[in-house]
Amino acid sequence: MSEGINHNFIDRIESPEDRTTKNCDFIISQADQKSIYNLDAFSDIFPKEEIQKDKIFVSNIESKWRAKTLLIDQKYRENLFCSKKRSEALEIIISDQIELNNWFGQDAFFYKTTRYDDIVNGTDAVVEFTTEDKPERLALAIDSTSNTSQQKIKEKIDRNIAKVLNNSLEVKYFNSQVNEDKGVLKGVIPVVIGLEAKNTNNLIDNFAQIIRLKQTSESSSITETHKASSKKEYLILRDKMVSNPTQIIFLEEIRMQLNMYQSILNSENNPNVFVQQTDVSKLIKIIEDILTNKEDIIKNPETKVLRNDTIYNLIGYESRKKTQYST
């Protein structure tokens, strides 16, 4: 008699999506996220009443968002939460790789914005580039979604263009990593960077494995042989992350949008716009110099494959379209 299907075994099989979701939770749990909510660190800049008002605003927005998600289809709600976790894990990875592996060059520093600026100003982070004169800065909106649409990317880029032309570029709770600047940061140029879900998942799974292997290699509860094996595997994966082609995708996404801004500002020729072509040109030069120093990664066949990423191509399409319209 043939044996029946072992449904208990099938139930224990973990899908790639479930694995990545667990890895997102793991990465988030390992990161120091206190700064996201710590508006009190700015009590020397803003009145306590204003800070409290902003805290309540954030709390209300998040409560409304949670209530709204309860009204939508369960499958869509699950996808929404997964996308949110993916983007948060991606932010942590980008921060780590900018600081440790110079993904944005050796002079780049990452500042994770507060939840207030994420909600109000659409800014997930600020990247600062040290120069001989003064820091040059970019405001990042980091995106990862499995339901990528041209309309979504178009809306984000359109909002950023409006911010530039309307002088509404601001991060309220900013604390520089390179000098004494603290408080409201004005005139910071906004860009969107991101990967589609499939490519983000691969990055998240690899990064989570690096963290686990490092922890195992430092554990006192396993044999020395196991520790040595884990450390060897950890070093291999860590070195691969140094030259991961994702950094090229992000840098090229930034360059495409900066070139777009330069064309739009040239067409507008408006002296009342806070951001001028010279500001954009400085950032373009910084990004191009960084890319020049990463020629070996650019030539990697994996980089060519990753350029098929949906978000990368949507950012490129929208940036080129806006450039053409402004000329």
# chains A, B, ... in the order shown; residues from 1 in each chain; ligands from 1
$ residues_around --residues "Lys240 of chain A" --least-positions-apart "2" --cutoff "12 Å" --atoms "only C-alpha atoms" --output "CSV table (one decimal) with C-alpha atoms, in the first residue's frame"
chain,number,residue,atom,x,y,z
A,97,GLN,CA,27.4,49.2,3.9
A,101,ASN,CA,32.2,49.0,3.2
A,203,LEU,CA,20.3,41.1,-0.4
A,206,ASN,CA,22.7,37.3,2.5
A,207,PHE,CA,23.0,40.1,5.0
A,210,ILE,CA,26.4,37.4,7.6
A,233,GLU,CA,32.1,31.4,5.8
A,234,TYR,CA,31.4,34.8,7.4
A,235,LEU,CA,34.6,36.4,5.9
A,236,ILE,CA,33.8,35.0,2.4
A,237,LEU,CA,30.2,36.5,2.5
A,238,ARG,CA,31.4,39.7,4.0
A,242,VAL,CA,32.1,44.8,-0.2
A,243,SER,CA,31.9,44.4,-4.0
A,244,ASN,CA,28.1,43.7,-4.2
A,245,PRO,CA,26.8,45.3,-7.5
A,246,THR,CA,23.8,46.8,-5.6
A,297,ILE,CA,32.5,46.3,-9.8
A,302,GLU,CA,26.4,40.5,-12.0
$ residues_around --residues "Ser176 of chain A" --least-positions-apart "4" --cutoff "10 Å" --atoms "only C-alpha atoms" --output "VMD selection string"
chain A and resid 109 to 111 126 to 128 135 180 to 183 185
$ residues_around --residues "segment 283-288 of chain A" --least-positions-apart "3" --cutoff "10 Å" --atoms "only C-alpha atoms" --output "short mmCIF file (atom, residue, chain, number, x, y, z; two decimals) with C-alpha atoms, in the first residue's frame"
data_model
loop_
_atom_site.label_atom_id
_atom_site.label_comp_id
_atom_site.auth_asym_id
_atom_site.auth_seq_id
_atom_site.Cartn_x
_atom_site.Cartn_y
_atom_site.Cartn_z
CA PHE A 104 29.06 55.46 -1.43
CA GLY A 105 32.79 56.15 -1.20
CA ASP A 107 33.85 60.15 2.49
CA PHE A 129 29.78 63.65 1.68
CA THR A 130 32.72 65.42 3.30
CA THR A 131 34.59 67.86 1.04
CA GLU A 136 27.36 68.02 0.38
CA ARG A 137 24.14 66.19 1.24
CA LEU A 138 21.48 64.01 -0.37
CA ILE A 189 18.45 67.52 -2.66
CA LEU A 251 24.80 55.29 -7.37
CA GLU A 252 23.53 55.21 -10.96
CA ILE A 254 21.22 58.88 -7.93
CA ARG A 255 23.22 60.13 -10.93
CA MET A 256 20.23 59.79 -13.27
CA GLN A 257 18.10 61.97 -10.97
CA LEU A 258 20.84 64.54 -10.44
CA ASN A 259 21.26 64.87 -14.21
CA GLN A 262 20.43 69.86 -13.63
CA THR A 278 26.17 74.50 -9.14
CA ASP A 279 24.85 72.58 -6.10
CA VAL A 280 23.70 69.72 -8.32
CA LEU A 291 31.75 55.35 -9.73
CA THR A 292 35.13 55.83 -11.39
CA ASN A 293 36.76 54.22 -8.36
CA LYS A 294 34.40 51.24 -8.67
#
$ residues_around --residues "Gln215 of chain A" --least-positions-apart "5" --cutoff "10 Å" --atoms "only C-alpha atoms" --output "PyMOL selection string"
chain A and resi 209-210+220+227+230-231+234
$ residues_around --residues "Asn308 of chain A" --least-positions-apart "5" --cutoff "10 Å" --atoms "only C-alpha atoms" --output "number ranges by chain"
A: 196, 303, 313
$ residues_around --residues "Glu49 of chain A" --least-positions-apart "6" --cutoff "12 Å" --atoms "only C-alpha atoms" --output "list in words"
Leu39, Asp40, Phe42, Ser43, Lys55 and Ile56 of chain A
$ write_last_selection --atoms "N, CA and C atoms" --output "compact mmCIF listing (two decimals), in the first residue's frame"
# COMPACT_ATOMS: atom_id res chain seq x y z
N LEU A 39 13.01 62.07 19.41
CA LEU A 39 12.92 63.51 19.15
C LEU A 39 13.43 64.30 20.35
N ASP A 40 13.42 63.70 21.53
CA ASP A 40 13.88 64.40 22.73
C ASP A 40 15.35 64.79 22.65
N PHE A 42 16.55 66.47 20.55
CA PHE A 42 16.59 67.80 19.96
C PHE A 42 15.96 68.85 20.88
N SER A 43 15.89 68.53 22.18
CA SER A 43 15.29 69.48 23.13
C SER A 43 16.14 70.73 23.30
N LYS A 55 5.48 64.48 18.24
CA LYS A 55 5.33 63.09 18.67
C LYS A 55 3.88 62.63 18.53
N ILE A 56 2.96 63.46 18.97
CA ILE A 56 1.54 63.14 18.91
C ILE A 56 1.10 63.01 17.45
$ select_by_dssp --residues "segment 82-279 of chain A" --states "alpha helix (DSSP H)" --output "ChimeraX atom specification"
/A:82-101,115-121,150-165,197-217,224-242,246-268,277-279
$ select_by_dssp --residues "segment 111-184 of chain A" --states "strand (DSSP E or B)" --output "list in words"
Tyr111, Lys112, Ala125, Val126, Val127, Glu128, Phe129, Glu136, Arg137, Leu138, Ala139, Leu140, Ala141, Ile142, Asp143, Ser144, Thr145, Glu170, Val171, Lys172, Tyr173, Phe174, Asn175, Lys182, Gly183 and Val184 of chain A
$ atom_distance --atom1 "atom CA of Val273 of chain A" --atom2 "atom CA of Pro190 of chain A"
14.5 Å
$ atom_distance --atom1 "atom CA of Gln52 of chain A" --atom2 "atom CA of Ile28 of chain A"
25.9 Å
$ atom_distance --atom1 "atom CA of Pro271 of chain A" --atom2 "atom CA of Ala141 of chain A"
26.6 Å
$ closest_residue --among "A:Glu170, A:Asp143, A:Glu295, A:Glu99" --to "Lys85 of chain A" --atoms "only C-alpha atoms"
A:Asp143
$ decode --residues "segment 280-326 of chain A" --atoms "N, CA and C atoms" --output "compact mmCIF listing (two decimals), in the first residue's frame"
# COMPACT_ATOMS: atom_id res chain seq x y z
N VAL A 280 23.91 71.03 -7.71
CA VAL A 280 23.70 69.72 -8.32
C VAL A 280 24.99 69.24 -8.98
N SER A 281 25.70 70.15 -9.63
CA SER A 281 26.95 69.78 -10.32
C SER A 281 27.99 69.22 -9.35
N LYS A 282 28.05 69.79 -8.16
CA LYS A 282 28.99 69.29 -7.15
C LYS A 282 28.68 67.84 -6.78
N LEU A 283 27.39 67.56 -6.62
CA LEU A 283 26.99 66.20 -6.25
C LEU A 283 27.22 65.23 -7.41
N ILE A 284 26.95 65.67 -8.63
CA ILE A 284 27.20 64.82 -9.79
C ILE A 284 28.68 64.45 -9.85
N LYS A 285 29.54 65.45 -9.62
CA LYS A 285 30.99 65.21 -9.64
C LYS A 285 31.38 64.19 -8.56
N ILE A 286 30.80 64.33 -7.37
CA ILE A 286 31.09 63.38 -6.28
C ILE A 286 30.68 61.97 -6.67
N ILE A 287 29.46 61.83 -7.21
CA ILE A 287 28.95 60.50 -7.58
C ILE A 287 29.78 59.90 -8.72
N GLU A 288 30.13 60.71 -9.70
CA GLU A 288 30.91 60.19 -10.82
C GLU A 288 32.31 59.78 -10.39
N ASP A 289 32.91 60.52 -9.46
CA ASP A 289 34.23 60.13 -8.94
C ASP A 289 34.14 58.80 -8.19
N ILE A 290 33.07 58.62 -7.43
CA ILE A 290 32.88 57.36 -6.69
C ILE A 290 32.74 56.20 -7.68
N LEU A 291 31.94 56.40 -8.73
CA LEU A 291 31.75 55.35 -9.73
C LEU A 291 33.04 55.03 -10.46
N THR A 292 33.84 56.05 -10.73
CA THR A 292 35.13 55.83 -11.39
C THR A 292 36.02 54.91 -10.57
N ASN A 293 35.95 55.06 -9.25
CA ASN A 293 36.76 54.22 -8.36
C ASN A 293 36.18 52.82 -8.17
N LYS A 294 35.03 52.56 -8.80
CA LYS A 294 34.40 51.24 -8.67
C LYS A 294 34.28 50.56 -10.03
N GLU A 295 35.22 50.85 -10.93
CA GLU A 295 35.19 50.30 -12.29
C GLU A 295 35.17 48.78 -12.29
N ASP A 296 35.90 48.16 -11.36
CA ASP A 296 35.94 46.69 -11.33
C ASP A 296 34.57 46.10 -11.00
N ILE A 297 33.81 46.79 -10.15
CA ILE A 297 32.46 46.31 -9.81
C ILE A 297 31.51 46.57 -10.98
N ILE A 298 31.68 47.71 -11.64
CA ILE A 298 30.84 48.05 -12.80
C ILE A 298 31.00 47.00 -13.90
N LYS A 299 32.23 46.50 -14.08
CA LYS A 299 32.51 45.52 -15.13
C LYS A 299 32.07 44.10 -14.75
N ASN A 300 31.71 43.90 -13.50
CA ASN A 300 31.26 42.59 -13.05
C ASN A 300 29.98 42.20 -13.79
N PRO A 301 29.91 41.01 -14.38
CA PRO A 301 28.69 40.58 -15.10
C PRO A 301 27.43 40.65 -14.24
N GLU A 302 27.57 40.49 -12.92
CA GLU A 302 26.41 40.55 -12.04
C GLU A 302 25.78 41.94 -12.03
N THR A 303 26.60 42.96 -12.25
CA THR A 303 26.08 44.33 -12.31
C THR A 303 25.18 44.50 -13.52
N LYS A 304 25.60 43.95 -14.65
CA LYS A 304 24.80 44.02 -15.88
C LYS A 304 23.44 43.36 -15.67
N VAL A 305 23.44 42.20 -15.00
CA VAL A 305 22.19 41.49 -14.73
C VAL A 305 21.29 42.32 -13.81
N LEU A 306 21.89 42.93 -12.79
CA LEU A 306 21.11 43.69 -11.81
C LEU A 306 20.50 44.95 -12.43
N ARG A 307 21.05 45.41 -13.55
CA ARG A 307 20.48 46.58 -14.23
C ARG A 307 19.13 46.26 -14.86
N ASN A 308 18.71 45.01 -14.82
CA ASN A 308 17.36 44.66 -15.27
C ASN A 308 16.32 44.91 -14.18
N ASP A 309 16.76 45.35 -13.01
CA ASP A 309 15.85 45.61 -11.89
C ASP A 309 14.76 46.60 -12.30
N THR A 310 13.54 46.29 -11.90
CA THR A 310 12.38 47.09 -12.31
C THR A 310 12.45 48.52 -11.80
N ILE A 311 12.76 48.70 -10.52
CA ILE A 311 12.82 50.04 -9.95
C ILE A 311 13.93 50.86 -10.61
N TYR A 312 15.07 50.24 -10.81
CA TYR A 312 16.20 50.92 -11.49
C TYR A 312 15.76 51.45 -12.84
N ASN A 313 15.06 50.63 -13.61
CA ASN A 313 14.65 51.03 -14.95
C ASN A 313 13.52 52.05 -14.94
N LEU A 314 12.64 51.97 -13.94
CA LEU A 314 11.59 52.98 -13.83
C LEU A 314 12.17 54.34 -13.45
N ILE A 315 13.14 54.34 -12.54
CA ILE A 315 13.80 55.61 -12.17
C ILE A 315 14.50 56.18 -13.40
N GLY A 316 15.17 55.32 -14.16
CA GLY A 316 15.85 55.78 -15.36
C GLY A 316 14.89 56.34 -16.39
N TYR A 317 13.78 55.64 -16.60
CA TYR A 317 12.78 56.08 -17.58
C TYR A 317 12.20 57.43 -17.19
N GLU A 318 11.76 57.57 -15.93
CA GLU A 318 11.16 58.82 -15.49
C GLU A 318 12.15 59.97 -15.51
N SER A 319 13.39 59.70 -15.13
CA SER A 319 14.42 60.75 -15.11
C SER A 319 14.73 61.23 -16.53
N ARG A 320 14.84 60.30 -17.46
CA ARG A 320 15.11 60.67 -18.87
C ARG A 320 13.93 61.43 -19.47
N LYS A 321 12.71 60.99 -19.13
CA LYS A 321 11.51 61.65 -19.67
C LYS A 321 11.43 63.10 -19.18
N LYS A 322 11.70 63.31 -17.89
CA LYS A 322 11.67 64.66 -17.33
C LYS A 322 12.78 65.52 -17.94
N THR A 323 13.92 64.91 -18.22
CA THR A 323 15.03 65.63 -18.82
C THR A 323 14.67 66.09 -20.23
N GLN A 324 14.03 65.19 -21.00
CA GLN A 324 13.64 65.52 -22.37
C GLN A 324 12.62 66.65 -22.41
N TYR A 325 11.66 66.61 -21.48
CA TYR A 325 10.61 67.64 -21.45
C TYR A 325 11.16 69.01 -21.09
N SER A 326 12.28 69.03 -20.35
CA SER A 326 12.81 70.32 -19.89
C SER A 326 13.78 70.94 -20.88
